[in-house]
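Reproduced below: coords_21.json, with JSON, C-alpha atoms.
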```json
[["chain", "number", "residue", "atom", "x", "y", "z"],
["V", 9, "MET", "CA", 0.00, 0.00, 0.00],
["V", 10, "SER", "CA", 1.43, 3.39, -0.89],
["V", 11, "TYR", "CA", 0.48, 6.81, 0.40],
["V", 12, "SER", "CA", 0.81, 10.08, -1.46],
["V", 13, "ALA", "CA", 1.29, 12.20, 1.63],
["V", 14, "SER", "CA", 2.20, 11.66, 5.22],
["V", 15, "SER", "CA", -1.09, 13.29, 6.30],
["V", 16, "GLU", "CA", -3.02, 10.57, 4.46],
["V", 17, "PHE", "CA", -1.08, 7.92, 6.36],
["V", 18, "THR", "CA", -1.56, 9.78, 9.66],
["V", 19, "ASP", "CA", -5.30, 10.00, 9.00],
["V", 20, "LEU", "CA", -5.47, 6.27, 8.27],
["V", 21, "VAL", "CA", -3.59, 5.38, 11.46],
["V", 22, "SER", "CA", -5.68, 7.81, 13.52],
["V", 23, "ALA", "CA", -8.91, 6.33, 12.17],
["V", 24, "LYS", "CA", -7.82, 2.79, 13.06],
["V", 25, "LEU", "CA", -6.71, 3.89, 16.54],
["V", 26, "ALA", "CA", -10.14, 5.50, 17.07],
["V", 27, "LEU", "CA", -11.80, 2.16, 16.20],
["V", 28, "ILE", "CA", -9.48, 0.42, 18.65],
["V", 29, "GLU", "CA", -10.23, 2.94, 21.41],
["V", 30, "ASP", "CA", -13.97, 2.42, 21.00],
["V", 31, "GLU", "CA", -13.55, -1.35, 21.07],
["V", 32, "LEU", "CA", -11.35, -1.20, 24.19],
["V", 33, "GLY", "CA", -14.14, 0.47, 26.12],
["V", 34, "ARG", "CA", -16.69, -1.97, 24.75],
["V", 35, "GLN", "CA", -14.56, -5.03, 25.55],
["V", 36, "ALA", "CA", -14.04, -3.82, 29.13],
["V", 37, "GLY", "CA", -17.80, -3.76, 29.62],
["V", 38, "ALA", "CA", -19.30, -6.21, 32.09],
["V", 39, "ASP", "CA", -22.64, -7.47, 33.37],
["V", 40, "THR", "CA", -22.63, -4.96, 36.22],
["V", 41, "PRO", "CA", -22.02, -1.22, 36.24],
["V", 42, "PHE", "CA", -19.41, -1.54, 38.99],
["V", 43, "VAL", "CA", -17.22, -4.02, 37.09],
["V", 44, "THR", "CA", -17.60, -1.97, 33.91],
["V", 45, "GLU", "CA", -16.50, 1.16, 35.78],
["V", 46, "ALA", "CA", -13.56, -0.56, 37.45],
["V", 47, "ALA", "CA", -12.45, -2.30, 34.24],
["V", 48, "ASN", "CA", -12.55, 0.97, 32.31],
["V", 49, "HIS", "CA", -10.77, 2.90, 35.07],
["V", 50, "ILE", "CA", -7.24, 2.64, 33.65],
["V", 51, "ILE", "CA", -8.44, 2.54, 30.04],
["V", 52, "SER", "CA", -10.31, 5.82, 30.53],
["V", 53, "ALA", "CA", -7.25, 7.42, 32.12],
["V", 54, "GLY", "CA", -5.61, 7.33, 28.67],
["V", 55, "GLY", "CA", -2.13, 6.18, 27.87],
["V", 56, "LYS", "CA", 0.15, 6.10, 24.87],
["V", 57, "ARG", "CA", -1.53, 3.09, 23.27],
["V", 58, "PHE", "CA", 1.90, 2.11, 21.96],
["V", 59, "ARG", "CA", 1.02, -1.56, 21.51],
["V", 60, "PRO", "CA", -2.12, -0.89, 19.44],
["V", 61, "LEU", "CA", -0.17, 1.66, 17.41],
["V", 62, "LEU", "CA", 2.50, -0.94, 16.68],
["V", 63, "VAL", "CA", -0.18, -3.45, 15.58],
["V", 64, "VAL", "CA", -1.65, -0.82, 13.23],
["V", 65, "LEU", "CA", 1.73, 0.18, 11.81],
["V", 66, "CYS", "CA", 2.77, -3.42, 11.19],
["V", 67, "SER", "CA", -0.56, -4.10, 9.47],
["V", 68, "GLN", "CA", 0.57, -1.79, 6.68],
["V", 69, "PHE", "CA", 3.20, -4.29, 5.53],
["V", 70, "GLY", "CA", 2.26, -7.21, 3.32],
["V", 71, "ASP", "CA", -1.25, -8.18, 2.31],
["V", 72, "ALA", "CA", -4.25, -6.16, 3.43],
["V", 73, "VAL", "CA", -5.58, -6.99, 6.89],
["V", 74, "ASN", "CA", -9.25, -7.24, 7.74],
["V", 75, "ASP", "CA", -10.13, -4.24, 9.95],
["V", 76, "ALA", "CA", -12.07, -6.40, 12.42],
["V", 77, "ASP", "CA", -9.05, -8.68, 12.93],
["V", 78, "LEU", "CA", -6.71, -5.70, 13.16],
["V", 79, "VAL", "CA", -8.85, -4.05, 15.84],
["V", 80, "ARG", "CA", -9.22, -7.35, 17.70],
["V", 81, "ALA", "CA", -5.45, -7.97, 17.69],
["V", 82, "ALA", "CA", -4.72, -4.46, 18.93],
["V", 83, "VAL", "CA", -7.36, -4.74, 21.65],
["V", 84, "VAL", "CA", -5.91, -8.06, 22.83],
["V", 85, "MET", "CA", -2.49, -6.47, 23.24],
["V", 86, "GLU", "CA", -3.82, -3.41, 25.08],
["V", 87, "LEU", "CA", -6.21, -5.36, 27.34],
["V", 88, "THR", "CA", -3.34, -7.63, 28.32],
["V", 89, "HIS", "CA", -1.14, -4.63, 29.04],
["V", 90, "VAL", "CA", -3.84, -2.82, 31.04],
["V", 91, "ALA", "CA", -4.69, -5.96, 33.01],
["V", 92, "SER", "CA", -1.04, -6.28, 33.99],
["V", 93, "LEU", "CA", -1.10, -2.67, 35.23],
["V", 94, "TYR", "CA", -3.87, -3.48, 37.73],
["V", 95, "HIS", "CA", -1.68, -6.27, 39.12],
["V", 96, "ASP", "CA", 1.46, -4.11, 39.02],
["V", 97, "ASP", "CA", -0.21, -1.38, 41.04],
["V", 98, "VAL", "CA", -1.15, -3.86, 43.76],
["V", 99, "MET", "CA", 2.34, -5.33, 43.88],
["V", 100, "ASP", "CA", 3.99, -1.90, 43.88],
["V", 101, "GLU", "CA", 1.42, -0.42, 46.28],
["V", 102, "ALA", "CA", 0.96, 2.39, 43.76],
["V", 103, "SER", "CA", -1.35, 5.26, 44.54],
["V", 104, "ARG", "CA", -1.63, 6.70, 41.02],
["V", 105, "ARG", "CA", -1.78, 5.38, 37.48],
["V", 106, "ARG", "CA", -1.87, 7.66, 34.44],
["V", 107, "GLY", "CA", -2.68, 10.67, 36.60],
["V", 108, "ALA", "CA", -5.65, 9.05, 38.32],
["V", 109, "PRO", "CA", -5.94, 7.24, 41.66],
["V", 110, "SER", "CA", -4.91, 3.61, 41.14],
["V", 111, "ALA", "CA", -7.63, 0.96, 41.22],
["V", 112, "ASN", "CA", -6.08, -0.65, 44.30],
["V", 113, "LEU", "CA", -6.21, 2.67, 46.15],
["V", 114, "ARG", "CA", -9.77, 3.34, 45.02],
["V", 115, "TRP", "CA", -11.33, -0.12, 45.54],
["V", 116, "GLY", "CA", -8.73, -2.18, 47.40],
["V", 117, "ASN", "CA", -6.22, -4.83, 46.38],
["V", 118, "SER", "CA", -8.68, -7.69, 45.99],
["V", 119, "VAL", "CA", -10.91, -5.79, 43.56],
["V", 120, "ALA", "CA", -7.91, -4.50, 41.59],
["V", 121, "ILE", "CA", -6.53, -8.03, 41.19],
["V", 122, "MET", "CA", -9.90, -9.43, 40.15],
["V", 123, "VAL", "CA", -10.44, -6.60, 37.64],
["V", 124, "GLY", "CA", -7.02, -7.37, 36.16],
["V", 125, "ASP", "CA", -8.05, -11.02, 35.92],
["V", 126, "TYR", "CA", -11.33, -9.97, 34.30],
["V", 127, "LEU", "CA", -9.47, -7.99, 31.65],
["V", 128, "PHE", "CA", -7.13, -10.94, 31.00],
["V", 129, "SER", "CA", -10.23, -13.08, 30.45],
["V", 130, "LYS", "CA", -11.66, -10.51, 28.01],
["V", 131, "ALA", "CA", -8.36, -10.53, 26.10],
["V", 132, "SER", "CA", -8.54, -14.34, 25.98],
["V", 133, "LEU", "CA", -12.06, -14.25, 24.55],
["V", 134, "ALA", "CA", -10.99, -11.77, 21.88],
["V", 135, "VAL", "CA", -7.83, -13.66, 20.93],
["V", 136, "ALA", "CA", -9.79, -16.89, 20.50],
["V", 137, "GLU", "CA", -11.57, -15.28, 17.54],
["V", 138, "LEU", "CA", -8.23, -14.74, 15.78],
["V", 139, "GLY", "CA", -7.28, -18.40, 15.58],
["V", 140, "VAL", "CA", -4.93, -20.94, 17.09],
["V", 141, "ASP", "CA", -1.68, -19.27, 16.00],
["V", 142, "PHE", "CA", -2.64, -16.05, 17.71],
["V", 143, "VAL", "CA", -3.80, -17.90, 20.84],
["V", 144, "LYS", "CA", -0.38, -19.56, 21.02],
["V", 145, "LEU", "CA", 1.34, -16.19, 20.59],
["V", 146, "GLN", "CA", -0.80, -14.69, 23.35],
["V", 147, "ALA", "CA", -0.18, -17.64, 25.69],
["V", 148, "ARG", "CA", 3.60, -17.43, 25.19],
["V", 149, "THR", "CA", 3.49, -13.67, 25.71],
["V", 150, "PHE", "CA", 1.41, -13.95, 28.87],
["V", 151, "SER", "CA", 3.74, -16.63, 30.23],
["V", 152, "ARG", "CA", 6.76, -14.37, 29.72],
["V", 153, "LEU", "CA", 4.97, -11.38, 31.22],
["V", 154, "VAL", "CA", 4.08, -13.31, 34.39],
["V", 155, "GLN", "CA", 7.58, -14.79, 34.69],
["V", 156, "GLY", "CA", 9.01, -11.29, 34.37],
["V", 157, "GLN", "CA", 6.72, -10.04, 37.13],
["V", 158, "ILE", "CA", 7.73, -12.93, 39.39],
["V", 159, "ALA", "CA", 11.43, -12.32, 38.69],
["V", 160, "GLU", "CA", 11.00, -8.63, 39.49],
["V", 161, "THR", "CA", 9.22, -9.49, 42.74],
["V", 162, "ARG", "CA", 11.90, -11.96, 43.83],
["V", 163, "GLY", "CA", 14.88, -9.88, 42.75],
["V", 164, "PRO", "CA", 18.18, -11.21, 41.45],
["V", 165, "SER", "CA", 19.38, -14.59, 42.66],
["V", 166, "GLN", "CA", 22.45, -14.92, 44.84],
["V", 167, "GLY", "CA", 25.43, -14.14, 42.63],
["V", 168, "GLN", "CA", 23.31, -13.02, 39.66],
["V", 169, "ASP", "CA", 24.33, -9.82, 37.94],
["V", 170, "PRO", "CA", 21.67, -7.24, 38.96],
["V", 171, "LEU", "CA", 21.82, -5.52, 35.56],
["V", 172, "ALA", "CA", 21.34, -8.79, 33.69],
["V", 173, "HIS", "CA", 18.42, -9.59, 36.00],
["V", 174, "TYR", "CA", 16.83, -6.20, 35.39],
["V", 175, "LEU", "CA", 17.23, -6.46, 31.61],
["V", 176, "LYS", "CA", 15.59, -9.92, 31.64],
["V", 177, "VAL", "CA", 12.69, -8.56, 33.72],
["V", 178, "VAL", "CA", 12.18, -5.68, 31.28],
["V", 179, "ALA", "CA", 12.41, -8.02, 28.29],
["V", 180, "ASP", "CA", 9.77, -10.32, 29.76],
["V", 181, "LYS", "CA", 7.39, -7.79, 31.32],
["V", 182, "THR", "CA", 7.55, -5.06, 28.69],
["V", 183, "GLY", "CA", 9.35, -6.47, 25.69],
["V", 184, "SER", "CA", 7.14, -9.55, 25.37],
["V", 185, "LEU", "CA", 4.02, -7.46, 24.70],
["V", 186, "ILE", "CA", 5.87, -5.15, 22.32],
["V", 187, "ALA", "CA", 7.22, -8.14, 20.40],
["V", 188, "ALA", "CA", 3.77, -9.76, 20.30],
["V", 189, "SER", "CA", 2.26, -6.50, 19.03],
["V", 190, "ARG", "CA", 4.73, -6.52, 16.19],
["V", 191, "ARG", "CA", 4.26, -10.22, 15.50],
["V", 192, "SER", "CA", 0.49, -10.07, 15.64],
["V", 193, "ARG", "CA", 0.57, -9.03, 11.99],
["V", 194, "SER", "CA", 2.28, -12.21, 10.88],
["V", 195, "GLU", "CA", 0.16, -14.36, 13.17],
["V", 196, "GLU", "CA", -3.15, -13.05, 11.84],
["V", 197, "ARG", "CA", -5.14, -15.34, 9.62],
["V", 198, "ARG", "CA", -2.88, -16.51, 6.86]]
```
Taking this structure as input, can you express it in the form of structure tokens?
Amino acid sequence: MSYSASSEFTDLVSAKLALIEDELGRQAGADTPFVTEAANHIISAGGKRFRPLLVVLCSQFGDAVNDADLVRAAVVMELTHVASLYHDDVMDEASRRRGAPSANLRWGNSVAIMVGDYLFSKASLAVAELGVDFVKLQARTFSRLVQGQIAETRGPSQGQDPLAHYLKVVADKTGSLIAASRRSRSEERR
């Protein structure tokens, strides 16, 4: 796909990100107003939406991608990221996230953890619609993310280089989702 001007490309990316933003809010919806409010708490606070942006940008390479699959893939990445933030805030005893009171401060640790779990489940439902290859990618990514969080919580082992430990934590907690966002293009229905 070629673009005659950078503004045309920017408009295309912005339009896709707007679709993703709408779907994020919809996917975070629940059967009760309280869970919907709590699940949308961090989403509504904003954020860079780097992972969805990366999914959109990578979708511009190769064959055309179905918009519904593109939006679904981007939402899976962002829901997984946001869910991990609920858990992070509990573990770090954070009081703020994206300029707003953290969910754990507002509703307590138990609710924050369960809302994170709820968002992970919503990401799992969405990824199932993309097919087995994408489910495998998401499972591997989630496994790395959790292992990175555990490693961060435990700290470096006796005799382990603290810098090497830190870099592995960052690669697993942050890098795994970034890599999956980039790879989601190649994993989409072939």
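Each of V:Gln35, V:Thr88, V:Ser129, V:Ser151 was compared to Arg57 (chain V) using all atoms listed in the file, and V:Thr88 turns out to be the nearest.
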So how far away is CA of Ala136 (chain V) from CA of Phe42 (chain V), in Å?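 Pair CA of Phe42 (chain V) / CA of Ala136 (chain V) returns 25.9 Å.
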Neighbouring residues of Lys144 (chain V) were defined as those with any atom within 10 Å, considering all atoms listed in the file; residues of the same chain fewer than 5 positions away were excluded. Please report them as a VMD selection string. chain V and resid 135 to 136 139 149 to 150 195
Find the distance between CA of Ser103 (chain V) and CA of Gly116 (chain V) and write it in Å to one decimal.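 It comes out at 10.9 Å.
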For CA of His89 (chain V) and CA of Pro164 (chain V), quote the distance in Å rounded to one decimal. 23.9 Å
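Among the candidate residues V:Val21, V:Arg162, V:Val178, V:Trp115, the one lying nearest to Met99 (chain V) is V:Arg162, with distances computed using only C-alpha atoms.
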Pick from V:Ala134, V:Val73, V:Val154, V:Val98 nearest to Ser118 (chain V), counting all atoms listed in the file: V:Val98
Hey, can you pull every residue with an atom no more than 8 Å from (-4.2, 4.1, 49.2), using all atoms listed in the file, and send it as a PyMOL selection string? chain V and resi 101-103+112-114+116
Could you check the closest approach to Ala111 (chain V) for each of V:Ala131, V:Ile51, V:Ala46, V:Leu20 and tell me which residue wins, using all atoms listed in the file? V:Ala46
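Minimum atom-to-atom distance to Glu160 (chain V), evaluated using all atoms listed in the file, belongs to V:Asp100 out of V:Gly107, V:Tyr126, V:Glu16, V:Asp100.
Candidate residues V:Leu62, V:Val43, V:Ile28, V:Ala159 were compared for distance to Arg191 (chain V), and the nearest is V:Leu62, using only C-alpha atoms.
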